[in-house]
$ cat data02.tsv   # TSV, C-alpha atoms and all ligand atoms
chain	number	residue	atom	x	y	z
A	1	MET	CA	-5.13	3.59	21.99
A	2	LYS	CA	-8.02	2.81	19.59
A	3	PRO	CA	-6.80	0.90	16.51
A	4	VAL	CA	-7.19	2.65	13.15
A	5	ASP	CA	-8.82	0.77	10.24
A	6	VAL	CA	-5.81	0.16	8.01
A	7	ILE	CA	-2.12	1.06	7.96
A	8	ILE	CA	-0.11	0.60	4.78
A	9	ILE	CA	3.59	0.20	5.53
A	10	GLY	CA	5.52	1.54	2.53
A	11	GLY	CA	4.44	4.47	0.39
A	12	GLY	CA	5.98	3.48	-2.93
A	13	VAL	CA	4.14	2.28	-6.03
A	14	GLY	CA	2.30	-0.64	-4.42
A	15	GLY	CA	1.46	1.11	-1.17
A	16	LEU	CA	0.19	4.34	-2.74
A	17	THR	CA	-1.91	2.44	-5.29
A	18	CYS	CA	-3.42	0.36	-2.51
A	19	ALA	CA	-4.15	3.55	-0.55
A	20	MET	CA	-5.83	5.39	-3.44
A	21	THR	CA	-7.92	2.33	-4.31
A	22	ILE	CA	-9.21	2.01	-0.76
A	23	CYS	CA	-9.79	5.77	-0.38
A	24	SER	CA	-11.70	5.94	-3.66
A	25	ALA	CA	-14.55	3.99	-2.06
A	26	VAL	CA	-15.07	6.71	0.55
A	27	ASN	CA	-18.59	7.55	-0.67
A	28	LYS	CA	-19.90	3.98	-0.65
A	29	SER	CA	-22.64	3.50	1.92
A	30	TRP	CA	-20.76	0.69	3.70
A	31	PHE	CA	-17.46	2.60	3.92
A	32	GLY	CA	-18.43	4.46	7.08
A	33	LYS	CA	-15.90	6.71	8.75
A	34	ARG	CA	-12.89	4.55	7.98
A	35	ARG	CA	-9.49	6.16	7.49
A	36	VAL	CA	-6.32	5.04	5.70
A	37	HIS	CA	-2.82	5.60	7.12
A	38	ILE	CA	0.44	5.25	5.20
A	39	ILE	CA	3.85	5.03	6.89
A	40	ASP	CA	6.87	5.53	4.63
A	41	ASP	CA	10.55	6.29	4.97
A	42	GLY	CA	11.11	7.77	1.52
A	43	GLN	CA	13.23	5.15	-0.26
A	44	SER	CA	10.99	4.00	-3.12
A	45	ASP	CA	12.82	2.38	-6.03
A	46	LEU	CA	10.69	4.56	-8.27
A	47	SER	CA	12.64	7.64	-7.19
A	48	LYS	CA	15.58	6.28	-9.23
A	49	ALA	CA	13.57	5.74	-12.44
A	50	GLN	CA	12.66	7.63	-15.57
A	51	LEU	CA	9.51	6.20	-17.09
A	52	TYR	CA	8.71	5.39	-20.72
A	53	ASN	CA	6.79	2.14	-20.25
A	54	ALA	CA	4.55	2.85	-17.27
A	55	PRO	CA	0.93	2.84	-18.48
A	56	GLY	CA	-0.86	6.15	-18.02
A	57	VAL	CA	2.30	7.96	-16.94
A	58	ALA	CA	3.54	10.85	-19.09
A	59	ILE	CA	6.30	9.69	-21.44
A	60	GLY	CA	9.72	10.34	-19.88
A	61	ALA	CA	8.33	11.41	-16.49
A	62	SER	CA	10.81	11.11	-13.65
A	63	GLY	CA	10.08	8.59	-10.93
A	64	THR	CA	10.21	11.36	-8.33
A	65	GLU	CA	7.53	13.44	-10.02
A	66	THR	CA	5.44	10.30	-10.56
A	67	LEU	CA	5.65	9.50	-6.85
A	68	GLU	CA	4.65	13.09	-6.02
A	69	HIS	CA	1.71	12.79	-8.40
A	70	MET	CA	0.63	9.53	-6.78
A	71	ARG	CA	0.90	11.16	-3.34
A	72	ARG	CA	-1.40	13.95	-4.58
A	73	GLN	CA	-3.83	11.31	-5.89
A	74	VAL	CA	-3.99	9.85	-2.39
A	75	ASP	CA	-4.11	13.32	-0.79
A	76	GLN	CA	-7.29	14.21	-2.74
A	77	TYR	CA	-9.07	11.99	-0.20
A	78	GLN	CA	-9.30	13.62	3.21
A	79	ILE	CA	-9.45	10.23	4.89
A	80	ALA	CA	-5.78	9.53	4.06
A	81	THR	CA	-2.95	10.40	6.45
A	82	PHE	CA	0.78	10.12	5.70
A	83	HIS	CA	3.37	9.46	8.38
A	84	GLN	CA	7.09	9.78	7.73
A	85	GLY	CA	8.89	6.98	9.58
A	86	SER	CA	10.30	3.46	9.58
A	87	VAL	CA	8.37	0.56	11.05
A	88	VAL	CA	10.67	-1.84	12.88
A	89	ALA	CA	8.31	-4.27	14.60
A	90	ALA	CA	4.72	-5.53	14.50
A	91	LYS	CA	2.92	-7.38	17.26
A	92	ARG	CA	-0.39	-9.16	16.85
A	93	ALA	CA	-3.22	-8.99	19.41
A	94	ALA	CA	-6.64	-10.65	19.01
A	95	ASP	CA	-8.17	-8.00	16.74
A	96	HIS	CA	-5.39	-5.56	15.91
A	97	TRP	CA	-1.71	-5.02	15.24
A	98	THR	CA	0.66	-2.80	17.21
A	99	LEU	CA	3.39	-1.22	15.12
A	100	HIS	CA	6.64	0.12	16.59
A	101	LEU	CA	8.48	2.81	14.67
A	102	GLN	CA	12.20	3.46	14.80
A	103	ASP	CA	11.61	6.79	16.57
A	104	ASP	CA	9.63	5.02	19.34
A	105	ARG	CA	6.18	6.01	18.08
A	106	ILE	CA	3.55	3.29	18.44
A	107	MET	CA	0.49	2.91	16.20
A	108	THR	CA	-2.29	0.32	16.22
A	109	SER	CA	-4.42	-0.91	13.33
A	110	ARG	CA	-7.00	-3.61	12.60
A	111	VAL	CA	-5.47	-4.29	9.17
A	112	ILE	CA	-1.88	-3.86	7.99
A	113	VAL	CA	-0.57	-4.00	4.43
A	114	MET	CA	3.12	-4.69	3.92
A	115	ALA	CA	4.28	-2.73	0.84
A	116	THR	CA	7.95	-2.28	1.65
A	117	GLY	CA	9.43	-3.41	-1.68
A	118	TYR	CA	11.47	-6.52	-2.50
A	119	LYS	CA	14.92	-5.37	-1.38
A	120	ARG	CA	14.82	-4.59	2.35
A	121	TRP	CA	13.57	-6.35	5.46
A	122	GLU	CA	13.85	-4.83	8.94
A	123	LEU	CA	10.52	-5.75	10.43
A	124	GLN	CA	10.30	-8.09	13.41
A	125	GLY	CA	7.16	-9.88	14.51
A	126	LEU	CA	5.31	-11.07	11.39
A	127	PRO	CA	4.21	-14.72	11.37
A	128	ASP	CA	6.80	-15.79	8.78
A	129	PRO	CA	9.98	-14.18	7.47
A	130	PRO	CA	10.29	-13.35	3.75
A	131	ILE	CA	11.36	-16.03	1.27
A	132	ARG	CA	13.49	-15.69	-1.84
A	133	HIS	CA	11.58	-13.84	-4.58
A	134	PRO	CA	11.21	-16.21	-7.56
A	135	ARG	CA	10.91	-13.42	-10.14
A	136	GLY	CA	13.26	-10.90	-8.56
A	137	GLY	CA	16.26	-11.53	-10.80
A	138	LYS	CA	18.82	-11.34	-7.99
A	139	ALA	CA	19.37	-13.80	-5.15
A	140	ASP	CA	18.70	-11.27	-2.38
A	141	ARG	CA	15.24	-10.19	-3.57
A	142	ILE	CA	12.43	-11.14	-1.19
A	143	MET	CA	8.69	-11.75	-1.03
A	144	LEU	CA	6.13	-12.75	1.59
A	145	GLU	CA	4.10	-15.90	1.00
A	146	HIS	CA	0.34	-15.36	0.70
A	147	ASP	CA	-2.87	-17.09	-0.34
A	148	GLY	CA	-2.79	-16.05	-4.02
A	149	VAL	CA	-4.71	-12.80	-3.53
A	150	TYR	CA	-2.10	-11.25	-1.24
A	151	ARG	CA	-3.65	-12.15	2.12
A	152	ILE	CA	-1.13	-13.61	4.55
A	153	GLU	CA	-3.65	-14.08	7.32
A	154	ASP	CA	-6.73	-12.18	8.53
A	155	GLY	CA	-5.77	-8.53	8.89
A	156	LEU	CA	-2.40	-8.94	7.15
A	157	TYR	CA	-1.79	-8.34	3.43
A	158	VAL	CA	1.22	-7.85	1.17
A	159	ALA	CA	1.30	-5.41	-1.78
A	160	GLY	CA	3.76	-4.27	-4.45
A	161	LEU	CA	6.79	-6.35	-5.35
A	162	LEU	CA	6.92	-7.90	-1.88
A	163	GLY	CA	3.82	-9.79	-3.05
A	164	GLY	CA	5.94	-11.61	-5.64
A	165	GLY	CA	5.48	-9.56	-8.84
A	166	SER	CA	8.22	-8.71	-11.32
A	167	SER	CA	9.81	-5.28	-11.04
A	168	GLN	CA	7.61	-3.16	-13.27
A	169	PHE	CA	5.62	-0.12	-12.19
A	170	ALA	CA	2.40	-1.60	-13.63
A	171	ILE	CA	2.82	-4.87	-11.76
A	172	ALA	CA	3.62	-3.25	-8.40
A	173	ALA	CA	0.64	-0.91	-8.85
A	174	GLY	CA	-1.62	-3.77	-9.92
A	175	ILE	CA	-0.85	-5.80	-6.81
A	176	GLY	CA	-1.51	-2.70	-4.69
A	177	ALA	CA	-4.88	-2.16	-6.39
A	178	GLN	CA	-5.82	-5.84	-5.92
A	179	VAL	CA	-5.07	-5.65	-2.20
A	180	GLY	CA	-7.17	-2.50	-1.99
A	181	VAL	CA	-10.08	-4.32	-3.63
A	182	GLU	CA	-9.68	-7.31	-1.31
A	183	ILE	CA	-9.88	-5.05	1.75
A	184	LEU	CA	-12.85	-3.13	0.32
A	185	SER	CA	-14.66	-6.40	-0.45
A	186	LEU	CA	-14.20	-7.46	3.14
A	187	TRP	CA	-15.61	-4.19	4.42
A	188	ALA	CA	-18.49	-4.27	1.92
A	189	GLY	CA	-19.40	-7.86	2.81
A	190	LYS	CA	-19.47	-8.72	-0.93
A	191	ARG	CA	-17.16	-8.57	-3.95
A	192	THR	CA	-16.73	-4.95	-4.99
A	193	HIS	CA	-14.53	-2.51	-6.95
A	194	VAL	CA	-14.59	1.24	-7.57
A	195	HIS	CA	-15.33	2.78	-11.00
A	196	ASP	CA	-15.64	6.56	-11.27
A	197	VAL	CA	-17.57	8.11	-14.16
A	198	PRO	CA	-17.94	11.70	-15.35
A	199	ASN	CA	-20.31	13.75	-13.24
A	200	PRO	CA	-22.70	15.70	-15.53
A	201	SER	CA	-23.07	18.46	-12.93
A	202	ASP	CA	-19.32	19.15	-12.93
A	203	THR	CA	-18.38	22.48	-14.46
A	204	PRO	CA	-16.52	21.63	-17.67
A	205	PRO	CA	-12.87	22.68	-17.74
A	206	VAL	CA	-12.29	26.03	-19.49
B	301	LIG	C1	16.76	2.29	-11.28
B	301	LIG	C2	15.35	1.77	-11.45
B	301	LIG	C3	14.67	2.07	-12.62
B	301	LIG	C4	13.36	1.59	-12.83
B	301	LIG	N1	12.74	1.86	-14.01
B	301	LIG	C5	11.51	1.36	-14.25
B	301	LIG	C6	10.88	1.55	-15.51
B	301	LIG	O1	11.44	2.22	-16.40
B	301	LIG	N2	9.64	1.00	-15.70
B	301	LIG	C7	9.02	0.25	-14.75
B	301	LIG	O2	7.90	-0.22	-14.99
B	301	LIG	N3	9.59	0.04	-13.53
B	301	LIG	C8	10.82	0.56	-13.27
B	301	LIG	N4	11.43	0.34	-12.05
B	301	LIG	C9	10.73	-0.52	-11.07
B	301	LIG	C10	9.77	0.23	-10.13
B	301	LIG	O3	10.41	1.34	-9.55
B	301	LIG	C11	9.33	-0.77	-9.05
B	301	LIG	O4	8.70	-1.86	-9.68
B	301	LIG	C12	8.39	-0.17	-8.01
B	301	LIG	O5	8.95	0.96	-7.40
B	301	LIG	C13	8.11	-1.23	-6.93
B	301	LIG	O6	7.09	-0.75	-6.08
B	301	LIG	P1	6.98	-1.25	-4.57
B	301	LIG	O7	5.84	-0.51	-3.98
B	301	LIG	O8	7.00	-2.71	-4.50
B	301	LIG	O9	8.35	-0.77	-3.88
B	301	LIG	P2	8.89	0.71	-3.74
B	301	LIG	O10	8.32	1.61	-4.77
B	301	LIG	O11	10.38	0.59	-3.65
B	301	LIG	O12	8.27	1.20	-2.34
B	301	LIG	C14	8.61	0.61	-1.11
B	301	LIG	C15	8.47	1.72	-0.07
B	301	LIG	O13	8.51	1.12	1.23
B	301	LIG	C16	9.24	1.97	2.09
B	301	LIG	N5	9.71	1.15	3.21
B	301	LIG	C17	10.48	0.03	3.17
B	301	LIG	N6	10.64	-0.48	4.40
B	301	LIG	C18	9.94	0.33	5.23
B	301	LIG	C19	9.71	0.33	6.63
B	301	LIG	N7	10.21	-0.64	7.42
B	301	LIG	N8	8.96	1.32	7.18
B	301	LIG	C20	8.43	2.29	6.40
B	301	LIG	N9	8.61	2.34	5.05
B	301	LIG	C21	9.36	1.37	4.49
B	301	LIG	C22	10.35	2.55	1.21
B	301	LIG	O14	10.85	3.76	1.74
B	301	LIG	C23	9.61	2.75	-0.11
B	301	LIG	O15	9.07	4.05	-0.22
B	301	LIG	C24	12.73	0.81	-11.82
B	301	LIG	C25	13.40	0.54	-10.63
B	301	LIG	C26	14.70	0.99	-10.45
B	301	LIG	C27	15.44	0.66	-9.18

$ encode --input "data02.tsv" --output "C-alpha cells"
Amino acid sequence: MKPVDVIIIGGGVGGLTCAMTICSAVNKSWFGKRRVHIIDDGQSDLSKAQLYNAPGVAIGASGTETLEHMRRQVDQYQIATFHQGSVVAAKRAADHWTLHLQDDRIMTSRVIVMATGYKRWELQGLPDPPIRHPRGGKADRIMLEHDGVYRIEDGLYVAGLLGGGSSQFAIAAGIGAQVGVEILSLWAGKRTHVHDVPNPSDTPPV
C-alpha cells in the first residue's frame, strides 16, 4: 500500500482548518499531486456550541452548521478526501505511519496530524502519551507535547486543542492553520503561506 501524503486524524475545528490551509496551496508549483485525507468520527465539541464570539462566523450560527460550512470549505478542493471512522492505533515505519481504524481498515501516510480534541484519547502507538493540558480548565483535559510549532517529531504534528490551546474556536482554528503552514513550508522547501486575492477575470456576482 503506497502511503498518502498527509492524514489528519480528527475533523473538528483544528483538523478542518489544517486541511483547508494545506489544500489552499494546491496551485503552487511545488505542491505537485499531493492529496489530503481527513479521518473523523463525528464528535466535535463544536457541534454542541452556538457561536457569538467566533471571528468571521455569522453571529449566532450553530456549531453544527459551522462545521458543515467548514467541511464545504475543505470540499471545494478536489484533493481532499473525508473518511468516516475512528483511528485506534498508529505504527511508525522508516518513512511512513500505518493507521489502524476501529473497523479494521488500514491506511498509510507519510505525515499524520493529530487533531482529536483535548477530551479523549484512544490511540495506541504514538511516541509519548498525552500529558495534562495546562490551560484546559479541568483535570482530565489533555495535550501532546511538541516543539513549540506543533511538531512532535518528523512526520507527526498536533493541531487544535490537543496542541495546548485554550478552548476557543479561534484558538483551535489558529493552531490548525499553523500546522498547515508548517507542513506546506516543509513541502515548499522554504517558509511559505497562502494568501488568495480577487481574480479580475472572475465574473462579478449578480
Ligand atoms: C458546549 C460547548 C460550547 C462551546 N462554545 C464555544 C463558543 O461559544 N465560542 C468558542 O470560541 N468556542 C466554543 N467552544 C469550544 C470549541 O468548540 C472548541 O474549542 C473546538 O471545537 C476545539 O476544536 P478541536 O479541533 O481541538 O476539537 P474538536 O472540534 O472537538 O474536534 C475533534 C475531532 O476529532 C474527532 N476524533 C477524536 N478522536 C478520534 C479518533 N480516534 N479517530 C477519529 N476521529 C477522532 C472527533 O470526532 C472530533 O470531530 C464550545 C465548546 C463546547 C463543548

$ closest_residue --input "data02.tsv" --among "A:Val87, A:Val13, A:Ile79, A:Ala25" --to "Gln102 (chain A)" --atoms "all atoms listed in the file"
A:Val87

$ atom_distance --input "data02.tsv" --atom1 "CA of Pro130 (chain A)" --atom2 "CA of Glu145 (chain A)"
7.2 Å

$ residues_around --input "data02.tsv" --residues "Ser62 (chain A)" --least-positions-apart "3" --cutoff "7 Å" --atoms "all atoms listed in the file" --output "list in words"
Ala49, Gln50, Leu51, Glu65 and Thr66 of chain A

$ residues_near_ligand --input "data02.tsv" --ligand "ligand LIG 301 (chain B)" --cutoff "8 Å" --atoms "all atoms listed in the file" --output "short mmCIF file (atom, residue, chain, number, x, y, z; two decimals) with C-alpha atoms, in the frame of the given file"
data_model
loop_
_atom_site.label_atom_id
_atom_site.label_comp_id
_atom_site.auth_asym_id
_atom_site.auth_seq_id
_atom_site.Cartn_x
_atom_site.Cartn_y
_atom_site.Cartn_z
CA ILE A 9 3.59 0.20 5.53
CA GLY A 10 5.52 1.54 2.53
CA GLY A 11 4.44 4.47 0.39
CA GLY A 12 5.98 3.48 -2.93
CA VAL A 13 4.14 2.28 -6.03
CA GLY A 14 2.30 -0.64 -4.42
CA GLY A 15 1.46 1.11 -1.17
CA LEU A 16 0.19 4.34 -2.74
CA ILE A 39 3.85 5.03 6.89
CA ASP A 40 6.87 5.53 4.63
CA ASP A 41 10.55 6.29 4.97
CA GLY A 42 11.11 7.77 1.52
CA GLN A 43 13.23 5.15 -0.26
CA SER A 44 10.99 4.00 -3.12
CA ASP A 45 12.82 2.38 -6.03
CA LEU A 46 10.69 4.56 -8.27
CA SER A 47 12.64 7.64 -7.19
CA LYS A 48 15.58 6.28 -9.23
CA ALA A 49 13.57 5.74 -12.44
CA GLN A 50 12.66 7.63 -15.57
CA LEU A 51 9.51 6.20 -17.09
CA TYR A 52 8.71 5.39 -20.72
CA ASN A 53 6.79 2.14 -20.25
CA ALA A 54 4.55 2.85 -17.27
CA GLY A 63 10.08 8.59 -10.93
CA GLN A 84 7.09 9.78 7.73
CA GLY A 85 8.89 6.98 9.58
CA SER A 86 10.30 3.46 9.58
CA VAL A 87 8.37 0.56 11.05
CA VAL A 88 10.67 -1.84 12.88
CA LEU A 101 8.48 2.81 14.67
CA ALA A 115 4.28 -2.73 0.84
CA THR A 116 7.95 -2.28 1.65
CA GLY A 117 9.43 -3.41 -1.68
CA TYR A 118 11.47 -6.52 -2.50
CA LYS A 119 14.92 -5.37 -1.38
CA ARG A 120 14.82 -4.59 2.35
CA TRP A 121 13.57 -6.35 5.46
CA GLU A 122 13.85 -4.83 8.94
CA LEU A 123 10.52 -5.75 10.43
CA ALA A 159 1.30 -5.41 -1.78
CA GLY A 160 3.76 -4.27 -4.45
CA LEU A 161 6.79 -6.35 -5.35
CA LEU A 162 6.92 -7.90 -1.88
CA GLY A 163 3.82 -9.79 -3.05
CA SER A 166 8.22 -8.71 -11.32
CA SER A 167 9.81 -5.28 -11.04
CA GLN A 168 7.61 -3.16 -13.27
CA PHE A 169 5.62 -0.12 -12.19
CA ALA A 170 2.40 -1.60 -13.63
CA ILE A 171 2.82 -4.87 -11.76
CA ALA A 172 3.62 -3.25 -8.40
CA ALA A 173 0.64 -0.91 -8.85
CA GLY A 176 -1.51 -2.70 -4.69
#

$ atom_distance --input "data02.tsv" --atom1 "CA of Met1 (chain A)" --atom2 "CA of Met107 (chain A)"
8.1 Å

$ closest_residue --input "data02.tsv" --among "A:Ile8, A:Ala89, A:Val57, A:Val149" --to "Gly165 (chain A)" --atoms "only C-alpha atoms"
A:Val149

$ residues_around --input "data02.tsv" --residues "Ala177 (chain A)" --least-positions-apart "3" --cutoff "7 Å" --atoms "all atoms listed in the file" --output "PDB file with C-alpha atoms, in the frame of the given file"
ATOM      1  CA  THR A  17      -1.910   2.440  -5.290  1.00  0.00           C
ATOM      2  CA  CYS A  18      -3.420   0.360  -2.510  1.00  0.00           C
ATOM      3  CA  THR A  21      -7.920   2.330  -4.310  1.00  0.00           C
ATOM      4  CA  ALA A 173       0.640  -0.910  -8.850  1.00  0.00           C
ATOM      5  CA  GLY A 174      -1.620  -3.770  -9.920  1.00  0.00           C
ATOM      6  CA  GLY A 180      -7.170  -2.500  -1.990  1.00  0.00           C
ATOM      7  CA  VAL A 181     -10.080  -4.320  -3.630  1.00  0.00           C
TER       8      VAL A 181
END

$ atom_distance --input "data02.tsv" --atom1 "CA of Val158 (chain A)" --atom2 "CA of Asn27 (chain A)"
25.2 Å

$ closest_residue --input "data02.tsv" --among "A:Ile175, A:Thr98, A:Trp30, A:Arg105" --to "Lys190 (chain A)" --atoms "all atoms listed in the file"
A:Trp30

$ closest_residue --input "data02.tsv" --among "A:Asp128, A:Asp103, A:Asp154, A:Asp202" --to "Ile183 (chain A)" --atoms "only C-alpha atoms"
A:Asp154

$ closest_residue --input "data02.tsv" --among "A:Val4, A:Ile131, A:Val179, A:Leu186" --to "Gly164 (chain A)" --atoms "only C-alpha atoms"
A:Ile131

$ closest_residue --input "data02.tsv" --among "A:Asp104, A:Leu99, A:Ala139, A:Ser24" --to "Tyr77 (chain A)" --atoms "all atoms listed in the file"
A:Ser24

$ axis_aligned_box --input "data02.tsv" --around "region 54-71 of chain A" --padding-each-side "8 Å" --output "JSON"
{"center_x": 5.0, "center_y": 8.1, "center_z": -12.4, "size_x": 27.7, "size_y": 26.6, "size_z": 34.1}

$ build_atoms --input "data02.tsv" --residues "region 9-25 of chain A" --atoms "N, CA, C and O atoms" --output "mmCIF file, in the frame of the given file"
data_model
loop_
_atom_site.group_PDB
_atom_site.id
_atom_site.type_symbol
_atom_site.label_atom_id
_atom_site.label_comp_id
_atom_site.auth_asym_id
_atom_site.auth_seq_id
_atom_site.Cartn_x
_atom_site.Cartn_y
_atom_site.Cartn_z
ATOM 1 N N ILE A 9 2.179 -0.040 5.205
ATOM 2 C CA ILE A 9 3.590 0.200 5.530
ATOM 3 C C ILE A 9 4.357 0.201 4.218
ATOM 4 O O ILE A 9 4.486 -0.829 3.559
ATOM 5 N N GLY A 10 4.838 1.376 3.811
ATOM 6 C CA GLY A 10 5.520 1.540 2.530
ATOM 7 C C GLY A 10 4.661 2.381 1.594
ATOM 8 O O GLY A 10 3.566 1.972 1.198
ATOM 9 N N GLY A 11 5.170 3.561 1.269
ATOM 10 C CA GLY A 11 4.440 4.470 0.390
ATOM 11 C C GLY A 11 5.115 4.619 -0.955
ATOM 12 O O GLY A 11 5.313 5.723 -1.457
ATOM 13 N N GLY A 12 5.477 3.482 -1.557
ATOM 14 C CA GLY A 12 5.980 3.480 -2.930
ATOM 15 C C GLY A 12 4.826 3.161 -3.874
ATOM 16 O O GLY A 12 3.655 3.471 -3.594
ATOM 17 N N VAL A 13 5.153 2.516 -4.989
ATOM 18 C CA VAL A 13 4.140 2.280 -6.030
ATOM 19 C C VAL A 13 2.996 1.397 -5.509
ATOM 20 O O VAL A 13 1.810 1.725 -5.656
ATOM 21 N N GLY A 14 3.338 0.271 -4.898
ATOM 22 C CA GLY A 14 2.300 -0.640 -4.420
ATOM 23 C C GLY A 14 1.484 -0.047 -3.294
ATOM 24 O O GLY A 14 0.246 -0.125 -3.287
ATOM 25 N N GLY A 15 2.155 0.568 -2.323
ATOM 26 C CA GLY A 15 1.460 1.110 -1.170
ATOM 27 C C GLY A 15 0.545 2.271 -1.526
ATOM 28 O O GLY A 15 -0.602 2.350 -1.057
ATOM 29 N N LEU A 16 1.032 3.182 -2.374
ATOM 30 C CA LEU A 16 0.190 4.340 -2.740
ATOM 31 C C LEU A 16 -0.999 3.901 -3.598
ATOM 32 O O LEU A 16 -2.100 4.449 -3.469
ATOM 33 N N THR A 17 -0.782 2.916 -4.472
ATOM 34 C CA THR A 17 -1.910 2.440 -5.290
ATOM 35 C C THR A 17 -2.950 1.761 -4.421
ATOM 36 O O THR A 17 -4.166 1.954 -4.613
ATOM 37 N N CYS A 18 -2.482 0.984 -3.455
ATOM 38 C CA CYS A 18 -3.420 0.360 -2.510
ATOM 39 C C CYS A 18 -4.209 1.448 -1.772
ATOM 40 O O CYS A 18 -5.438 1.368 -1.660
ATOM 41 N N ALA A 19 -3.501 2.475 -1.310
ATOM 42 C CA ALA A 19 -4.150 3.550 -0.550
ATOM 43 C C ALA A 19 -5.203 4.265 -1.393
ATOM 44 O O ALA A 19 -6.331 4.486 -0.944
ATOM 45 N N MET A 20 -4.846 4.625 -2.649
ATOM 46 C CA MET A 20 -5.830 5.390 -3.440
ATOM 47 C C MET A 20 -7.030 4.527 -3.816
ATOM 48 O O MET A 20 -8.147 5.020 -3.931
ATOM 49 N N THR A 21 -6.800 3.222 -3.995
ATOM 50 C CA THR A 21 -7.920 2.330 -4.310
ATOM 51 C C THR A 21 -8.888 2.255 -3.119
ATOM 52 O O THR A 21 -10.115 2.383 -3.290
ATOM 53 N N ILE A 22 -8.335 2.073 -1.944
ATOM 54 C CA ILE A 22 -9.210 2.010 -0.760
ATOM 55 C C ILE A 22 -9.941 3.341 -0.570
ATOM 56 O O ILE A 22 -11.166 3.387 -0.403
ATOM 57 N N CYS A 23 -9.182 4.451 -0.631
ATOM 58 C CA CYS A 23 -9.790 5.770 -0.380
ATOM 59 C C CYS A 23 -10.888 6.092 -1.390
ATOM 60 O O CYS A 23 -11.853 6.799 -1.064
ATOM 61 N N SER A 24 -10.753 5.566 -2.615
ATOM 62 C CA SER A 24 -11.700 5.940 -3.660
ATOM 63 C C SER A 24 -13.106 5.396 -3.396
ATOM 64 O O SER A 24 -14.066 5.795 -4.060
ATOM 65 N N ALA A 25 -13.224 4.510 -2.416
ATOM 66 C CA ALA A 25 -14.550 3.990 -2.060
ATOM 67 C C ALA A 25 -15.207 4.801 -0.944
ATOM 68 O O ALA A 25 -16.246 4.392 -0.415
#
